[in-house]
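The next block is start_5.cif, given as mmCIF, C-alpha atoms.
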data_my_file
#
loop_
_atom_site.label_atom_id
_atom_site.label_comp_id
_atom_site.auth_asym_id
_atom_site.auth_seq_id
_atom_site.Cartn_x
_atom_site.Cartn_y
_atom_site.Cartn_z
CA MET A 1213 7.19 2.37 -6.81
CA LYS A 1214 5.15 -0.34 -8.42
CA VAL A 1215 2.01 0.31 -10.48
CA ASN A 1216 -0.20 -2.56 -11.61
CA VAL A 1217 -2.62 -2.08 -14.48
CA ILE A 1218 -5.73 -4.01 -13.47
CA ARG A 1219 -7.97 -3.15 -16.40
CA LYS A 1220 -7.49 -1.06 -19.54
CA GLU A 1221 -10.32 -0.39 -21.97
CA ASP A 1222 -11.11 2.40 -24.42
CA GLU A 1223 -12.72 4.65 -21.81
CA LEU A 1224 -11.60 3.02 -18.56
CA LEU A 1225 -8.29 2.63 -16.77
CA GLU A 1226 -7.96 0.87 -13.42
CA ILE A 1227 -4.58 0.80 -11.72
CA GLU A 1228 -3.34 -0.42 -8.36
CA ILE A 1229 -0.59 1.41 -6.48
CA PRO A 1230 0.50 -0.87 -3.63
CA LYS A 1231 0.88 0.82 -0.23
CA GLU A 1232 0.19 4.29 -1.69
CA GLU A 1233 -3.32 5.20 -0.59
CA THR A 1234 -2.47 8.89 -0.19
CA LEU A 1235 -1.02 9.12 -3.70
CA THR A 1236 -4.03 7.29 -5.13
CA HIS A 1237 -6.42 9.80 -3.55
CA LEU A 1238 -4.25 12.74 -4.62
CA LEU A 1239 -4.27 11.61 -8.25
CA ALA A 1240 -8.04 11.10 -8.16
CA ARG A 1241 -8.46 14.62 -6.79
CA PHE A 1242 -6.33 16.20 -9.52
CA CYS A 1243 -7.74 14.13 -12.36
CA GLU A 1244 -9.98 16.15 -14.67
CA ALA A 1245 -11.81 13.05 -15.94
CA ASP A 1246 -14.27 11.09 -13.82
CA SER A 1247 -12.13 9.21 -11.32
CA ALA A 1248 -12.27 7.48 -7.99
CA ALA A 1249 -9.79 6.16 -5.48
CA VAL A 1250 -11.11 2.98 -3.93
CA ARG A 1251 -10.03 0.36 -1.46
CA GLU A 1252 -12.38 -2.56 -0.91
CA HIS A 1253 -10.88 -3.52 2.44
CA PRO A 1254 -8.32 -1.52 4.44
CA PHE A 1255 -6.19 -4.54 5.36
CA LEU A 1256 -6.78 -7.05 2.58
CA THR A 1257 -6.62 -5.04 -0.65
CA GLU A 1258 -4.40 -2.43 -2.22
CA PRO A 1259 -5.60 1.08 -3.17
CA LYS A 1260 -6.89 1.45 -6.72
CA LEU A 1261 -7.45 4.39 -9.00
CA ILE A 1262 -10.25 4.12 -11.54
CA ILE A 1263 -10.48 6.68 -14.34
CA TYR A 1264 -13.39 6.95 -16.79
CA GLY A 1265 -13.27 9.19 -19.83
CA LYS A 1266 -12.48 9.58 -23.47
CA ASN A 1267 -8.75 9.00 -22.94
CA PRO A 1268 -8.07 7.79 -19.37
CA LYS A 1269 -4.32 7.32 -19.93
CA LYS A 1270 -3.98 10.94 -21.04
CA ALA A 1271 -6.13 12.04 -18.08
CA LEU A 1272 -3.82 10.19 -15.66
CA ILE A 1273 -0.69 11.74 -17.18
CA LYS A 1274 -2.29 15.19 -16.91
CA ALA A 1275 -3.26 14.49 -13.28
CA ILE A 1276 0.36 13.58 -12.52
CA ASP A 1277 1.52 16.83 -14.15
CA ASN A 1278 -1.09 18.79 -12.14
CA VAL A 1279 0.11 17.21 -8.88
CA LEU A 1280 3.74 18.00 -9.67
CA SER A 1281 2.82 21.59 -10.52
CA ALA A 1282 0.86 22.00 -7.27
CA LEU A 1283 3.75 20.57 -5.27
CA GLU A 1284 6.22 22.93 -6.94
CA GLU A 1285 3.94 25.87 -6.10
CA PHE A 1286 3.64 24.65 -2.50
CA LYS A 1287 7.43 24.33 -2.24
CA ASN A 1288 7.91 27.92 -3.43
CA HIS A 1289 5.31 29.27 -0.98
CA PHE A 1290 6.89 27.25 1.83
CA LYS A 1291 10.38 28.61 1.07
CA ARG A 1292 9.04 32.18 1.09
CA ALA A 1293 7.25 31.57 4.38
CA LEU A 1294 10.44 30.24 5.96
CA LYS A 1295 12.34 33.38 4.93
CA GLU A 1296 9.76 35.52 6.74
CA VAL A 1297 10.21 33.66 10.03
#
Structure encoded using structure tokens:
Amino acid sequence: MKVNVIRKEDELLEIEIPKEETLTHLLARFCEADSAAVREHPFLTEPKLIIYGKNPKKALIKAIDNVLSALEEFKNHFKRALKEV
């Protein structure tokens, strides 16, 4: 998977994740800093994740960890549900 850093400043990080709109929105949802998933045009641009905060890189890494944790929890619940069927 390719990740392009569009803009990196002290309190701003803008990345582009080609062809991964769902992942971009998921990361924005789990990010504890101010963040947004944007796409200027559905056919002409790639999805972008913009994070504002004191340390946006740290916020993105924490968002990734939060997503992985939520997916692990979902996997465990799913396995238990399958055993009950």
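What the PyMOL selection byres ((chain A and resi 1218) around 10) picks from this file is A:Val1215, A:Asn1216, A:Val1217, A:Arg1219, A:Lys1220, A:Leu1225, A:Glu1226, A:Ile1227, A:Glu1228, A:Lys1260, A:Leu1261, A:Ile1262.
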Best match for closeness to Leu1224 (chain A) among A:Ala1293, A:Ala1248, A:Leu1283, A:Pro1254, counting only C-alpha atoms:
A:Ala1248
Around region 1289-1295 of chain A, with edges along x, y and z and 3 Å added on all six sides, what centre and edge lengths do you get, in Å to one decimal, as lines of an AutoDock Vina configuration file?
center_x = 8.8
center_y = 30.3
center_z = 2.5
size_x = 13.0
size_y = 12.1
size_z = 12.9
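Distance-wise, CA of Ala1282 (chain A) and CA of Glu1258 (chain A) end up 25.5 Å apart.
Between CA of Arg1241 (chain A) and CA of Phe1255 (chain A) the separation is 22.8 Å.
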Evaluate the PyMOL selection byres ((chain A and resi 1239) around 12) here and jot the selected residues down as a ChimeraX atom specification.
/A:1227,1229,1232-1238,1240-1250,1259-1263,1271-1280,1282
